[in-house]
file data-v8.cif (mmCIF, C-alpha atoms)
data_upload
#
loop_
_atom_site.group_PDB
_atom_site.id
_atom_site.type_symbol
_atom_site.label_atom_id
_atom_site.label_comp_id
_atom_site.auth_asym_id
_atom_site.auth_seq_id
_atom_site.Cartn_x
_atom_site.Cartn_y
_atom_site.Cartn_z
ATOM 1 C CA MET A 25 2.398 -15.111 -17.915
ATOM 2 C CA SER A 26 5.055 -12.414 -17.658
ATOM 3 C CA HIS A 27 6.496 -11.565 -14.307
ATOM 4 C CA GLU A 28 5.139 -8.498 -12.592
ATOM 5 C CA TYR A 29 8.099 -7.729 -10.364
ATOM 6 C CA HIS A 30 11.864 -8.167 -10.540
ATOM 7 C CA HIS A 31 13.191 -6.829 -7.258
ATOM 8 C CA LEU A 32 11.243 -6.740 -4.007
ATOM 9 C CA LEU A 33 12.279 -4.803 -0.929
ATOM 10 C CA VAL A 34 10.683 -5.846 2.331
ATOM 11 C CA ALA A 35 11.047 -3.278 5.095
ATOM 12 C CA VAL A 36 10.673 -4.676 8.606
ATOM 13 C CA ASP A 37 10.567 -3.220 12.112
ATOM 14 C CA LEU A 38 12.154 -6.348 13.686
ATOM 15 C CA THR A 39 9.025 -7.132 15.750
ATOM 16 C CA LYS A 40 7.286 -10.493 15.428
ATOM 17 C CA ASP A 41 5.151 -8.931 12.699
ATOM 18 C CA SER A 42 8.228 -9.018 10.490
ATOM 19 C CA HIS A 43 7.746 -12.749 9.909
ATOM 20 C CA LYS A 44 4.304 -12.295 8.392
ATOM 21 C CA VAL A 45 5.455 -9.414 6.200
ATOM 22 C CA LEU A 46 8.508 -11.356 5.006
ATOM 23 C CA GLU A 47 6.420 -14.451 4.333
ATOM 24 C CA ARG A 48 4.073 -12.525 2.069
ATOM 25 C CA ALA A 49 7.046 -10.937 0.286
ATOM 26 C CA MET A 50 8.633 -14.384 -0.192
ATOM 27 C CA GLN A 51 5.483 -15.740 -1.844
ATOM 28 C CA ILE A 52 5.504 -12.875 -4.314
ATOM 29 C CA ALA A 53 9.268 -13.082 -4.917
ATOM 30 C CA ASP A 54 9.080 -16.851 -5.503
ATOM 31 C CA ARG A 55 6.249 -16.521 -7.953
ATOM 32 C CA ASN A 56 8.017 -13.768 -9.880
ATOM 33 C CA LYS A 57 11.463 -15.343 -9.540
ATOM 34 C CA ALA A 58 12.425 -11.916 -8.232
ATOM 35 C CA LYS A 59 15.367 -10.781 -6.152
ATOM 36 C CA LEU A 60 14.416 -10.225 -2.508
ATOM 37 C CA SER A 61 16.091 -7.625 -0.316
ATOM 38 C CA ILE A 62 15.238 -6.965 3.323
ATOM 39 C CA MET A 63 15.901 -3.747 5.206
ATOM 40 C CA HIS A 64 15.618 -2.354 8.674
ATOM 41 C CA THR A 65 16.196 1.312 9.355
ATOM 42 C CA LEU A 66 17.590 2.543 12.642
ATOM 43 C CA GLU A 67 16.928 6.138 13.535
ATOM 44 C CA PRO A 68 20.200 7.855 14.424
ATOM 45 C CA LEU A 69 20.498 8.430 18.156
ATOM 46 C CA GLY A 70 21.469 12.006 17.411
ATOM 47 C CA PHE A 71 17.870 12.817 16.488
ATOM 48 C CA ALA A 72 17.023 12.706 20.173
ATOM 49 C CA TYR A 73 19.867 15.092 20.952
ATOM 50 C CA GLY A 74 19.178 17.830 18.433
ATOM 51 C CA GLY A 75 21.567 16.483 15.815
ATOM 52 C CA ASP A 76 24.811 16.232 17.744
ATOM 53 C CA ILE A 77 25.758 12.823 19.043
ATOM 54 C CA PRO A 78 27.706 12.978 22.309
ATOM 55 C CA MET A 79 30.955 11.025 21.917
ATOM 56 C CA ASP A 80 29.938 8.373 24.432
ATOM 57 C CA LEU A 81 26.823 7.602 22.404
ATOM 58 C CA THR A 82 28.687 6.450 19.311
ATOM 59 C CA SER A 83 29.478 3.124 20.932
ATOM 60 C CA ILE A 84 25.822 2.748 21.870
ATOM 61 C CA GLN A 85 24.860 3.425 18.257
ATOM 62 C CA ASP A 86 27.305 0.700 17.221
ATOM 63 C CA GLN A 87 25.785 -1.721 19.698
ATOM 64 C CA LEU A 88 22.279 -0.944 18.443
ATOM 65 C CA ASP A 89 23.497 -1.439 14.911
ATOM 66 C CA ASP A 90 25.026 -4.823 15.746
ATOM 67 C CA HIS A 91 21.896 -5.877 17.580
ATOM 68 C CA ALA A 92 19.702 -4.896 14.657
ATOM 69 C CA LYS A 93 21.900 -6.788 12.198
ATOM 70 C CA GLN A 94 21.722 -9.900 14.332
ATOM 71 C CA ARG A 95 17.957 -9.670 14.734
ATOM 72 C CA LEU A 96 17.498 -9.034 11.012
ATOM 73 C CA ALA A 97 19.619 -12.091 10.207
ATOM 74 C CA GLU A 98 17.404 -14.188 12.523
ATOM 75 C CA ILE A 99 14.261 -12.973 10.761
ATOM 76 C CA ALA A 100 15.740 -13.370 7.279
ATOM 77 C CA ASP A 101 17.031 -16.822 8.270
ATOM 78 C CA THR A 102 17.909 -18.741 5.100
ATOM 79 C CA ASN A 103 15.213 -16.957 3.098
ATOM 80 C CA VAL A 104 17.155 -13.848 2.147
ATOM 81 C CA ASP A 105 20.782 -13.966 1.019
ATOM 82 C CA LYS A 106 23.174 -12.374 3.473
ATOM 83 C CA GLU A 107 24.263 -9.724 0.978
ATOM 84 C CA ASN A 108 20.637 -8.662 0.543
ATOM 85 C CA GLN A 109 20.136 -7.959 4.262
ATOM 86 C CA HIS A 110 20.503 -4.275 5.057
ATOM 87 C CA VAL A 111 20.523 -2.309 8.292
ATOM 88 C CA VAL A 112 20.595 1.391 7.461
ATOM 89 C CA VAL A 113 20.756 4.372 9.793
ATOM 90 C CA GLY A 114 18.340 7.135 8.832
ATOM 91 C CA MET A 115 14.654 7.960 8.488
ATOM 92 C CA PRO A 116 12.693 4.925 7.269
ATOM 93 C CA ASP A 117 10.846 6.462 4.329
ATOM 94 C CA THR A 118 13.899 8.354 3.080
ATOM 95 C CA GLU A 119 16.167 5.310 3.248
ATOM 96 C CA ILE A 120 13.593 2.943 1.785
ATOM 97 C CA HIS A 121 12.946 5.263 -1.158
ATOM 98 C CA ARG A 122 16.650 5.847 -1.704
ATOM 99 C CA PHE A 123 17.392 2.114 -1.752
ATOM 100 C CA ALA A 124 14.381 1.409 -3.966
ATOM 101 C CA GLU A 125 15.481 3.920 -6.573
ATOM 102 C CA GLU A 126 19.163 3.000 -6.501
ATOM 103 C CA GLN A 127 18.442 -0.734 -6.699
ATOM 104 C CA SER A 128 15.532 -0.591 -9.169
ATOM 105 C CA VAL A 129 13.084 -2.057 -6.684
ATOM 106 C CA ASP A 130 9.630 -2.397 -8.251
ATOM 107 C CA LEU A 131 7.662 -3.533 -5.202
ATOM 108 C CA ILE A 132 8.116 -2.396 -1.612
ATOM 109 C CA VAL A 133 6.429 -4.608 1.006
ATOM 110 C CA VAL A 134 5.753 -3.166 4.471
ATOM 111 C CA GLY A 135 3.647 -4.049 7.472
ATOM 112 C CA SER A 136 0.508 -2.028 8.151
ATOM 113 C CA HIS A 137 -1.154 -1.771 11.534
ATOM 114 C CA GLY A 138 -4.469 -0.426 10.322
ATOM 115 C CA ARG A 139 -4.319 2.298 12.909
ATOM 116 C CA HIS A 140 -6.322 5.481 12.912
ATOM 117 C CA GLY A 141 -5.305 8.983 13.842
ATOM 118 C CA PHE A 142 -2.681 9.631 16.449
ATOM 119 C CA ALA A 143 -1.536 6.041 16.897
ATOM 120 C CA LEU A 144 -0.570 6.130 13.261
ATOM 121 C CA LEU A 145 2.137 8.666 14.041
ATOM 122 C CA LEU A 146 3.804 6.210 16.401
ATOM 123 C CA GLY A 147 5.574 3.325 14.841
ATOM 124 C CA SER A 148 3.917 2.726 11.506
ATOM 125 C CA THR A 149 6.094 3.571 8.540
ATOM 126 C CA SER A 150 3.724 2.279 5.898
ATOM 127 C CA THR A 151 2.144 5.685 5.299
ATOM 128 C CA GLY A 152 5.508 7.406 5.043
ATOM 129 C CA VAL A 153 6.692 4.779 2.608
ATOM 130 C CA LEU A 154 3.632 5.179 0.419
ATOM 131 C CA HIS A 155 4.192 8.945 0.157
ATOM 132 C CA GLY A 156 6.514 9.552 -2.722
ATOM 133 C CA ALA A 157 7.259 5.914 -3.556
ATOM 134 C CA GLN A 158 8.160 5.575 -7.236
ATOM 135 C CA CYS A 159 7.061 1.939 -7.402
ATOM 136 C CA ASP A 160 4.228 -0.264 -6.163
ATOM 137 C CA VAL A 161 3.784 -0.641 -2.414
ATOM 138 C CA LEU A 162 2.064 -3.576 -0.709
ATOM 139 C CA ALA A 163 0.988 -2.925 2.864
ATOM 140 C CA VAL A 164 0.491 -6.259 4.639
ATOM 141 C CA ARG A 165 -2.007 -6.055 7.466
ATOM 142 C CA VAL A 166 -0.504 -7.154 10.780
ATOM 143 C CA GLY A 167 -1.728 -6.983 14.369
ATOM 144 C CA LYS A 168 -1.741 -3.869 16.482
ATOM 145 C CA ASP A 169 0.830 -4.677 19.125
ATOM 146 C CA GLY A 170 3.543 -6.646 17.442
ATOM 147 C CA GLU A 171 1.205 -9.620 17.148
ATOM 148 C CA THR A 172 0.119 -10.858 13.762
ATOM 149 C CA ALA A 173 -3.576 -10.751 13.008
ATOM 150 C CA GLU A 174 -3.652 -14.454 12.222
ATOM 151 C CA MET B 25 0.140 -23.334 -3.304
ATOM 152 C CA SER B 26 -2.776 -21.980 -1.319
ATOM 153 C CA HIS B 27 -4.504 -18.819 -2.464
ATOM 154 C CA GLU B 28 -3.559 -15.632 -0.700
ATOM 155 C CA TYR B 29 -6.702 -13.634 -1.421
ATOM 156 C CA HIS B 30 -10.384 -14.414 -1.902
ATOM 157 C CA HIS B 31 -12.009 -11.073 -2.623
ATOM 158 C CA LEU B 32 -10.256 -8.090 -4.171
ATOM 159 C CA LEU B 33 -11.654 -4.584 -4.251
ATOM 160 C CA VAL B 34 -10.146 -2.213 -6.777
ATOM 161 C CA ALA B 35 -10.929 1.431 -6.116
ATOM 162 C CA VAL B 36 -10.625 3.705 -9.149
ATOM 163 C CA ASP B 37 -10.843 7.427 -9.803
ATOM 164 C CA LEU B 38 -12.195 6.937 -13.346
ATOM 165 C CA THR B 39 -9.116 8.589 -14.955
ATOM 166 C CA LYS B 40 -7.034 6.712 -17.518
ATOM 167 C CA ASP B 41 -4.906 5.457 -14.609
ATOM 168 C CA SER B 42 -7.840 3.239 -13.689
ATOM 169 C CA HIS B 43 -6.951 0.827 -16.497
ATOM 170 C CA LYS B 44 -3.493 0.122 -15.101
ATOM 171 C CA VAL B 45 -4.811 -0.315 -11.568
ATOM 172 C CA LEU B 46 -7.585 -2.644 -12.745
ATOM 173 C CA GLU B 47 -5.144 -4.642 -14.866
ATOM 174 C CA ARG B 48 -2.892 -5.306 -11.895
ATOM 175 C CA ALA B 49 -5.900 -6.260 -9.776
ATOM 176 C CA MET B 50 -7.104 -8.636 -12.505
ATOM 177 C CA GLN B 51 -3.740 -10.436 -12.588
ATOM 178 C CA ILE B 52 -3.923 -11.002 -8.851
ATOM 179 C CA ALA B 53 -7.605 -11.996 -8.919
ATOM 180 C CA ASP B 54 -7.025 -14.469 -11.767
ATOM 181 C CA ARG B 55 -4.098 -16.091 -10.011
ATOM 182 C CA ASN B 56 -6.029 -16.416 -6.777
ATOM 183 C CA LYS B 57 -9.312 -17.310 -8.476
ATOM 184 C CA ALA B 58 -10.675 -14.507 -6.347
ATOM 185 C CA LYS B 59 -13.821 -12.452 -6.653
ATOM 186 C CA LEU B 60 -13.135 -8.988 -8.078
ATOM 187 C CA SER B 61 -15.179 -5.930 -7.171
ATOM 188 C CA ILE B 62 -14.615 -2.429 -8.508
ATOM 189 C CA MET B 63 -15.708 0.793 -6.846
ATOM 190 C CA HIS B 64 -15.743 4.481 -7.521
ATOM 191 C CA THR B 65 -16.745 6.919 -4.824
ATOM 192 C CA LEU B 66 -18.432 10.204 -5.628
ATOM 193 C CA GLU B 67 -18.207 12.929 -3.028
ATOM 194 C CA PRO B 68 -21.674 14.233 -2.262
ATOM 195 C CA LEU B 69 -22.253 17.657 -3.775
ATOM 196 C CA GLY B 70 -23.575 18.826 -0.437
ATOM 197 C CA PHE B 71 -20.028 18.829 0.971
ATOM 198 C CA ALA B 72 -19.374 21.974 -1.033
ATOM 199 C CA TYR B 73 -22.464 23.604 0.455
ATOM 200 C CA GLY B 74 -21.914 22.951 4.121
ATOM 201 C CA GLY B 75 -23.939 19.763 4.228
ATOM 202 C CA ASP B 76 -27.278 20.908 2.824
ATOM 203 C CA ILE B 77 -27.962 20.119 -0.789
ATOM 204 C CA PRO B 78 -30.091 22.756 -2.505
ATOM 205 C CA MET B 79 -33.113 21.123 -4.114
ATOM 206 C CA ASP B 80 -31.996 21.956 -7.627
ATOM 207 C CA LEU B 81 -28.703 20.114 -7.077
ATOM 208 C CA THR B 82 -30.276 16.711 -6.509
ATOM 209 C CA SER B 83 -30.829 16.261 -10.224
ATOM 210 C CA ILE B 84 -27.197 17.238 -10.847
ATOM 211 C CA GLN B 85 -26.108 14.631 -8.298
ATOM 212 C CA ASP B 86 -28.193 12.072 -10.173
ATOM 213 C CA GLN B 87 -26.570 13.047 -13.441
ATOM 214 C CA LEU B 88 -23.080 12.762 -11.936
ATOM 215 C CA ASP B 89 -24.036 9.401 -10.524
ATOM 216 C CA ASP B 90 -25.265 8.169 -13.910
ATOM 217 C CA HIS B 91 -22.159 9.489 -15.615
ATOM 218 C CA ALA B 92 -19.879 7.758 -13.103
ATOM 219 C CA LYS B 93 -21.745 4.447 -13.495
ATOM 220 C CA GLN B 94 -21.391 4.623 -17.250
ATOM 221 C CA ARG B 95 -17.677 5.485 -17.066
ATOM 222 C CA LEU B 96 -17.070 2.726 -14.512
ATOM 223 C CA ALA B 97 -18.827 0.221 -16.771
ATOM 224 C CA GLU B 98 -16.540 1.276 -19.648
ATOM 225 C CA ILE B 99 -13.446 0.761 -17.502
ATOM 226 C CA ALA B 100 -14.678 -2.532 -16.046
ATOM 227 C CA ASP B 101 -15.662 -3.657 -19.561
ATOM 228 C CA THR B 102 -16.161 -7.432 -19.529
ATOM 229 C CA ASN B 103 -13.559 -7.897 -16.794
ATOM 230 C CA VAL B 104 -15.755 -7.257 -13.779
ATOM 231 C CA ASP B 105 -19.274 -8.627 -13.481
ATOM 232 C CA LYS B 106 -21.963 -5.961 -13.584
ATOM 233 C CA GLU B 107 -23.166 -6.791 -10.077
ATOM 234 C CA ASN B 108 -19.641 -6.226 -8.747
ATOM 235 C CA GLN B 109 -19.427 -2.676 -10.121
ATOM 236 C CA HIS B 110 -20.227 -0.078 -7.475
ATOM 237 C CA VAL B 111 -20.607 3.689 -7.543
ATOM 238 C CA VAL B 112 -21.015 4.922 -3.996
ATOM 239 C CA VAL B 113 -21.609 8.447 -2.724
ATOM 240 C CA GLY B 114 -19.422 9.340 0.246
ATOM 241 C CA MET B 115 -15.830 9.873 1.317
ATOM 242 C CA PRO B 116 -13.507 7.430 -0.476
ATOM 243 C CA ASP B 117 -11.654 5.956 2.503
ATOM 244 C CA THR B 118 -14.822 5.596 4.595
ATOM 245 C CA GLU B 119 -16.780 3.917 1.820
ATOM 246 C CA ILE B 120 -13.898 1.686 0.744
ATOM 247 C CA HIS B 121 -13.314 0.487 4.322
ATOM 248 C CA ARG B 122 -17.035 -0.052 4.891
ATOM 249 C CA PHE B 123 -17.388 -2.138 1.729
ATOM 250 C CA ALA B 124 -14.193 -4.061 2.492
ATOM 251 C CA GLU B 125 -15.416 -5.036 5.952
ATOM 252 C CA GLU B 126 -18.979 -5.846 4.925
ATOM 253 C CA GLN B 127 -17.896 -7.916 1.921
ATOM 254 C CA SER B 128 -14.861 -9.628 3.516
ATOM 255 C CA VAL B 129 -12.407 -8.044 1.112
ATOM 256 C CA ASP B 130 -8.861 -9.212 1.844
ATOM 257 C CA LEU B 131 -6.961 -7.031 -0.628
ATOM 258 C CA ILE B 132 -7.716 -3.448 -1.618
ATOM 259 C CA VAL B 133 -5.985 -2.246 -4.786
ATOM 260 C CA VAL B 134 -5.638 1.500 -5.378
ATOM 261 C CA GLY B 135 -3.617 3.780 -7.604
ATOM 262 C CA SER B 136 -0.760 5.745 -6.094
ATOM 263 C CA HIS B 137 0.670 8.897 -7.615
ATOM 264 C CA GLY B 138 3.892 8.907 -5.650
ATOM 265 C CA ARG B 139 3.331 12.518 -4.741
ATOM 266 C CA HIS B 140 5.048 14.381 -1.972
ATOM 267 C CA GLY B 141 3.698 16.945 0.433
ATOM 268 C CA PHE B 142 0.888 19.223 -0.510
ATOM 269 C CA ALA B 143 0.072 17.632 -3.849
ATOM 270 C CA LEU B 144 -0.690 14.482 -1.899
ATOM 271 C CA LEU B 145 -3.676 16.193 -0.312
ATOM 272 C CA LEU B 146 -5.228 16.722 -3.718
ATOM 273 C CA GLY B 147 -6.614 13.730 -5.489
ATOM 274 C CA SER B 148 -4.780 10.748 -4.073
ATOM 275 C CA THR B 149 -6.874 8.477 -1.905
ATOM 276 C CA SER B 150 -4.239 5.800 -1.445
ATOM 277 C CA THR B 151 -2.986 7.247 1.842
ATOM 278 C CA GLY B 152 -6.480 7.614 3.237
ATOM 279 C CA VAL B 153 -7.267 4.040 2.255
ATOM 280 C CA LEU B 154 -4.165 2.724 3.945
ATOM 281 C CA HIS B 155 -5.080 4.420 7.228
ATOM 282 C CA GLY B 156 -7.301 2.081 9.119
ATOM 283 C CA ALA B 157 -7.613 -0.616 6.474
ATOM 284 C CA GLN B 158 -8.281 -3.991 8.097
ATOM 285 C CA CYS B 159 -6.780 -5.929 5.201
ATOM 286 C CA ASP B 160 -3.812 -5.761 2.837
ATOM 287 C CA VAL B 161 -3.547 -2.751 0.552
ATOM 288 C CA LEU B 162 -1.658 -2.693 -2.742
ATOM 289 C CA ALA B 163 -0.840 0.779 -4.051
ATOM 290 C CA VAL B 164 -0.117 0.544 -7.768
ATOM 291 C CA ARG B 165 2.184 3.291 -8.978
ATOM 292 C CA VAL B 166 0.624 5.337 -11.773
ATOM 293 C CA GLY B 167 1.609 8.577 -13.478
ATOM 294 C CA LYS B 168 1.161 12.018 -11.988
ATOM 295 C CA ASP B 169 -1.464 13.555 -14.250
ATOM 296 C CA GLY B 170 -3.856 10.821 -15.184
ATOM 297 C CA GLU B 171 -1.177 9.248 -17.377
ATOM 298 C CA THR B 172 0.216 5.847 -16.554
ATOM 299 C CA ALA B 173 3.939 5.644 -15.834
ATOM 300 C CA GLU B 174 4.419 3.064 -18.556
#
call {"tool": "encode", "arguments": {"input": "data-v8.cif", "output": "structure tokens"}}
result
Amino acid sequence: MSHEYHHLLVAVDLTKDSHKVLERAMQIADRNKAKLSIMHTLEPLGFAYGGDIPMDLTSIQDQLDDHAKQRLAEIADTNVDKENQHVVVGMPDTEIHRFAEEQSVDLIVVGSHGRHGFALLLGSTSTGVLHGAQCDVLAVRVGKDGETAE
Amino acid sequence: MSHEYHHLLVAVDLTKDSHKVLERAMQIADRNKAKLSIMHTLEPLGFAYGGDIPMDLTSIQDQLDDHAKQRLAEIADTNVDKENQHVVVGMPDTEIHRFAEEQSVDLIVVGSHGRHGFALLLGSTSTGVLHGAQCDVLAVRVGKDGETAE
């Protein structure tokens, strides 16, 4: 049987849910002998300040960046090569789509909280990722509050 | 390796894209030795008339229903058992979620057009399906105008 996918991108929010989403992505990557990349997007602090980042916030942004990289490395553990771990500053859907197109990703794997209505606007990026994705998207159902459903 | 999924539901719009979406679902169902159900939802004609269906439209609804069943059977061909082919009248996301919960579906497979903005409101049900789904959802990327991307 031919392989369905060659390069998977798993996008995680660094909560405990990330483990379940990564695990599902790993199963698919293993089966397809596909490359596996993992990404976390950090929203730029400036967004909360109307676009201009006060000088004293740049060091905070750096700290957040370092923290995210460390946490992502913990989640990725030995399952994703270091050079395939990415922390990117920007809007999640924009950055995920950009990476996917530049790196010929053919399956994006994200967590989905199964939320309705307003709660959907907070936190979940799965809908944003689905909009405009040029490849397949697998939304892995996870729990509502950073807890997996299992 | 343990099986990831036990019951897949593939939701199709009856366009040519349906073949690609079904094919992907079949690969996954085969690998998991999972049950495969296929569904098309017809919006009730009454929606266009403010909720009341004029008497003379009921026969048209029946004709549309028959036509959809026939088209779905063509698409399903010998790949989905007759008793697992469903044409349901209602809103796609509502009916898909209802079926998924009642029948313990653990993966919903839908087509995704990768559209942005306004065009997304027309035609694509993948976003609606993702909202509130209690299981995994795979959005299979298909072409923009009823043509597959391949």
call {"tool": "atom_distance", "arguments": {"input": "data-v8.cif", "atom1": "CA of His91 in chain A", "atom2": "CA of Lys106 in chain A"}}
result
15.6 Å
call {"tool": "interface_residues", "arguments": {"input": "data-v8.cif", "of": "chain A", "to": "chain B", "cutoff": "7 Å", "atoms": "all atoms listed in the file", "output": "PyMOL selection string"}}
result
chain A and resi 138-140+151+155-165
call {"tool": "closest_residue", "arguments": {"input": "data-v8.cif", "among": "A:Ile62, A:Ala124, A:Met50, A:Val104", "to": "Ala35 in chain A", "atoms": "only C-alpha atoms"}}
result
A:Ile62
call {"tool": "resolve_selection", "arguments": {"input": "data-v8.cif", "expression": "the PyMOL selection byres ((chain B and resi 113-118) around 6)", "output": "MDAnalysis selection string"}}
result
chainID B and resid 65:68 112 119:121 152:153
call {"tool": "closest_residue", "arguments": {"input": "data-v8.cif", "among": "A:Asn56, A:Gln85, A:Gln127, A:Ser61", "to": "Ala100 in chain A", "atoms": "only C-alpha atoms"}}
result
A:Ser61
call {"tool": "atom_distance", "arguments": {"input": "data-v8.cif", "atom1": "CA of Ala53 in chain B", "atom2": "CA of Asp90 in chain B"}}
result
27.3 Å
call {"tool": "closest_residue", "arguments": {"input": "data-v8.cif", "among": "B:Arg122, B:Arg55, B:His64, B:His27", "to": "Lys93 in chain B", "atoms": "all atoms listed in the file"}}
result
B:His64
call {"tool": "resolve_selection", "arguments": {"input": "data-v8.cif", "expression": "the PyMOL selection byres ((chain A and resi 31) around 7)", "output": "list in words"}}
result
Tyr29, His30, Leu32, Leu33, Ala58, Lys59, Leu60, Ser128, Val129, Asp130 and Leu131 of chain A
call {"tool": "atom_distance", "arguments": {"input": "data-v8.cif", "atom1": "CA of Asp37 in chain A", "atom2": "CA of Thr102 in chain A"}}
result
18.5 Å
call {"tool": "build_atoms", "arguments": {"input": "data-v8.cif", "residues": "range 108-132 of chain A", "atoms": "N, CA and C atoms", "output": "PDB file, in the frame of the given file"}}
result
ATOM      1  N   ASN A 108      21.849  -9.450   0.792  1.00  0.00           N
ATOM      2  CA  ASN A 108      20.637  -8.662   0.543  1.00  0.00           C
ATOM      3  C   ASN A 108      19.939  -8.246   1.839  1.00  0.00           C
ATOM      4  N   GLN A 109      20.660  -8.398   2.958  1.00  0.00           N
ATOM      5  CA  GLN A 109      20.136  -7.959   4.262  1.00  0.00           C
ATOM      6  C   GLN A 109      20.798  -6.624   4.609  1.00  0.00           C
ATOM      7  N   HIS A 110      19.959  -5.618   4.859  1.00  0.00           N
ATOM      8  CA  HIS A 110      20.503  -4.275   5.057  1.00  0.00           C
ATOM      9  C   HIS A 110      19.973  -3.627   6.335  1.00  0.00           C
ATOM     10  N   VAL A 111      20.893  -3.176   7.176  1.00  0.00           N
ATOM     11  CA  VAL A 111      20.523  -2.309   8.292  1.00  0.00           C
ATOM     12  C   VAL A 111      21.087  -0.931   7.954  1.00  0.00           C
ATOM     13  N   VAL A 112      20.206   0.056   7.895  1.00  0.00           N
ATOM     14  CA  VAL A 112      20.595   1.391   7.461  1.00  0.00           C
ATOM     15  C   VAL A 112      20.209   2.383   8.543  1.00  0.00           C
ATOM     16  N   VAL A 113      21.075   3.337   8.814  1.00  0.00           N
ATOM     17  CA  VAL A 113      20.756   4.372   9.793  1.00  0.00           C
ATOM     18  C   VAL A 113      20.171   5.571   9.058  1.00  0.00           C
ATOM     19  N   GLY A 114      18.984   5.993   9.477  1.00  0.00           N
ATOM     20  CA  GLY A 114      18.340   7.135   8.832  1.00  0.00           C
ATOM     21  C   GLY A 114      16.841   7.097   9.074  1.00  0.00           C
ATOM     22  N   MET A 115      16.115   7.967   8.380  1.00  0.00           N
ATOM     23  CA  MET A 115      14.654   7.960   8.488  1.00  0.00           C
ATOM     24  C   MET A 115      14.104   6.880   7.557  1.00  0.00           C
ATOM     25  N   PRO A 116      13.150   6.069   8.057  1.00  0.00           N
ATOM     26  CA  PRO A 116      12.693   4.925   7.269  1.00  0.00           C
ATOM     27  C   PRO A 116      12.254   5.268   5.852  1.00  0.00           C
ATOM     28  N   ASP A 117      11.349   6.235   5.686  1.00  0.00           N
ATOM     29  CA  ASP A 117      10.846   6.462   4.329  1.00  0.00           C
ATOM     30  C   ASP A 117      11.945   6.957   3.396  1.00  0.00           C
ATOM     31  N   THR A 118      12.795   7.840   3.907  1.00  0.00           N
ATOM     32  CA  THR A 118      13.899   8.354   3.080  1.00  0.00           C
ATOM     33  C   THR A 118      14.815   7.229   2.623  1.00  0.00           C
ATOM     34  N   GLU A 119      15.215   6.380   3.569  1.00  0.00           N
ATOM     35  CA  GLU A 119      16.167   5.310   3.248  1.00  0.00           C
ATOM     36  C   GLU A 119      15.543   4.250   2.359  1.00  0.00           C
ATOM     37  N   ILE A 120      14.287   3.944   2.605  1.00  0.00           N
ATOM     38  CA  ILE A 120      13.593   2.943   1.785  1.00  0.00           C
ATOM     39  C   ILE A 120      13.457   3.450   0.349  1.00  0.00           C
ATOM     40  N   HIS A 121      13.075   4.707   0.195  1.00  0.00           N
ATOM     41  CA  HIS A 121      12.946   5.263  -1.158  1.00  0.00           C
ATOM     42  C   HIS A 121      14.296   5.339  -1.854  1.00  0.00           C
ATOM     43  N   ARG A 122      15.325   5.738  -1.112  1.00  0.00           N
ATOM     44  CA  ARG A 122      16.650   5.847  -1.704  1.00  0.00           C
ATOM     45  C   ARG A 122      17.110   4.483  -2.225  1.00  0.00           C
ATOM     46  N   PHE A 123      16.985   3.464  -1.369  1.00  0.00           N
ATOM     47  CA  PHE A 123      17.392   2.114  -1.752  1.00  0.00           C
ATOM     48  C   PHE A 123      16.578   1.643  -2.955  1.00  0.00           C
ATOM     49  N   ALA A 124      15.271   1.879  -2.894  1.00  0.00           N
ATOM     50  CA  ALA A 124      14.381   1.409  -3.966  1.00  0.00           C
ATOM     51  C   ALA A 124      14.785   2.009  -5.301  1.00  0.00           C
ATOM     52  N   GLU A 125      15.129   3.280  -5.295  1.00  0.00           N
ATOM     53  CA  GLU A 125      15.481   3.920  -6.573  1.00  0.00           C
ATOM     54  C   GLU A 125      16.855   3.473  -7.047  1.00  0.00           C
ATOM     55  N   GLU A 126      17.806   3.391  -6.119  1.00  0.00           N
ATOM     56  CA  GLU A 126      19.163   3.000  -6.501  1.00  0.00           C
ATOM     57  C   GLU A 126      19.226   1.553  -6.987  1.00  0.00           C
ATOM     58  N   GLN A 127      18.364   0.698  -6.407  1.00  0.00           N
ATOM     59  CA  GLN A 127      18.442  -0.734  -6.699  1.00  0.00           C
ATOM     60  C   GLN A 127      17.308  -1.210  -7.620  1.00  0.00           C
ATOM     61  N   SER A 128      16.618  -0.247  -8.241  1.00  0.00           N
ATOM     62  CA  SER A 128      15.532  -0.591  -9.169  1.00  0.00           C
ATOM     63  C   SER A 128      14.516  -1.561  -8.559  1.00  0.00           C
ATOM     64  N   VAL A 129      14.135  -1.263  -7.335  1.00  0.00           N
ATOM     65  CA  VAL A 129      13.084  -2.057  -6.684  1.00  0.00           C
ATOM     66  C   VAL A 129      11.759  -1.710  -7.347  1.00  0.00           C
ATOM     67  N   ASP A 130      10.934  -2.715  -7.666  1.00  0.00           N
ATOM     68  CA  ASP A 130       9.630  -2.397  -8.251  1.00  0.00           C
ATOM     69  C   ASP A 130       8.453  -2.756  -7.351  1.00  0.00           C
ATOM     70  N   LEU A 131       8.732  -3.360  -6.205  1.00  0.00           N
ATOM     71  CA  LEU A 131       7.662  -3.533  -5.202  1.00  0.00           C
ATOM     72  C   LEU A 131       8.270  -3.439  -3.810  1.00  0.00           C
ATOM     73  N   ILE A 132       7.730  -2.516  -3.022  1.00  0.00           N
ATOM     74  CA  ILE A 132       8.116  -2.396  -1.612  1.00  0.00           C
ATOM     75  C   ILE A 132       7.021  -3.066  -0.782  1.00  0.00           C
TER      76      ILE A 132
END
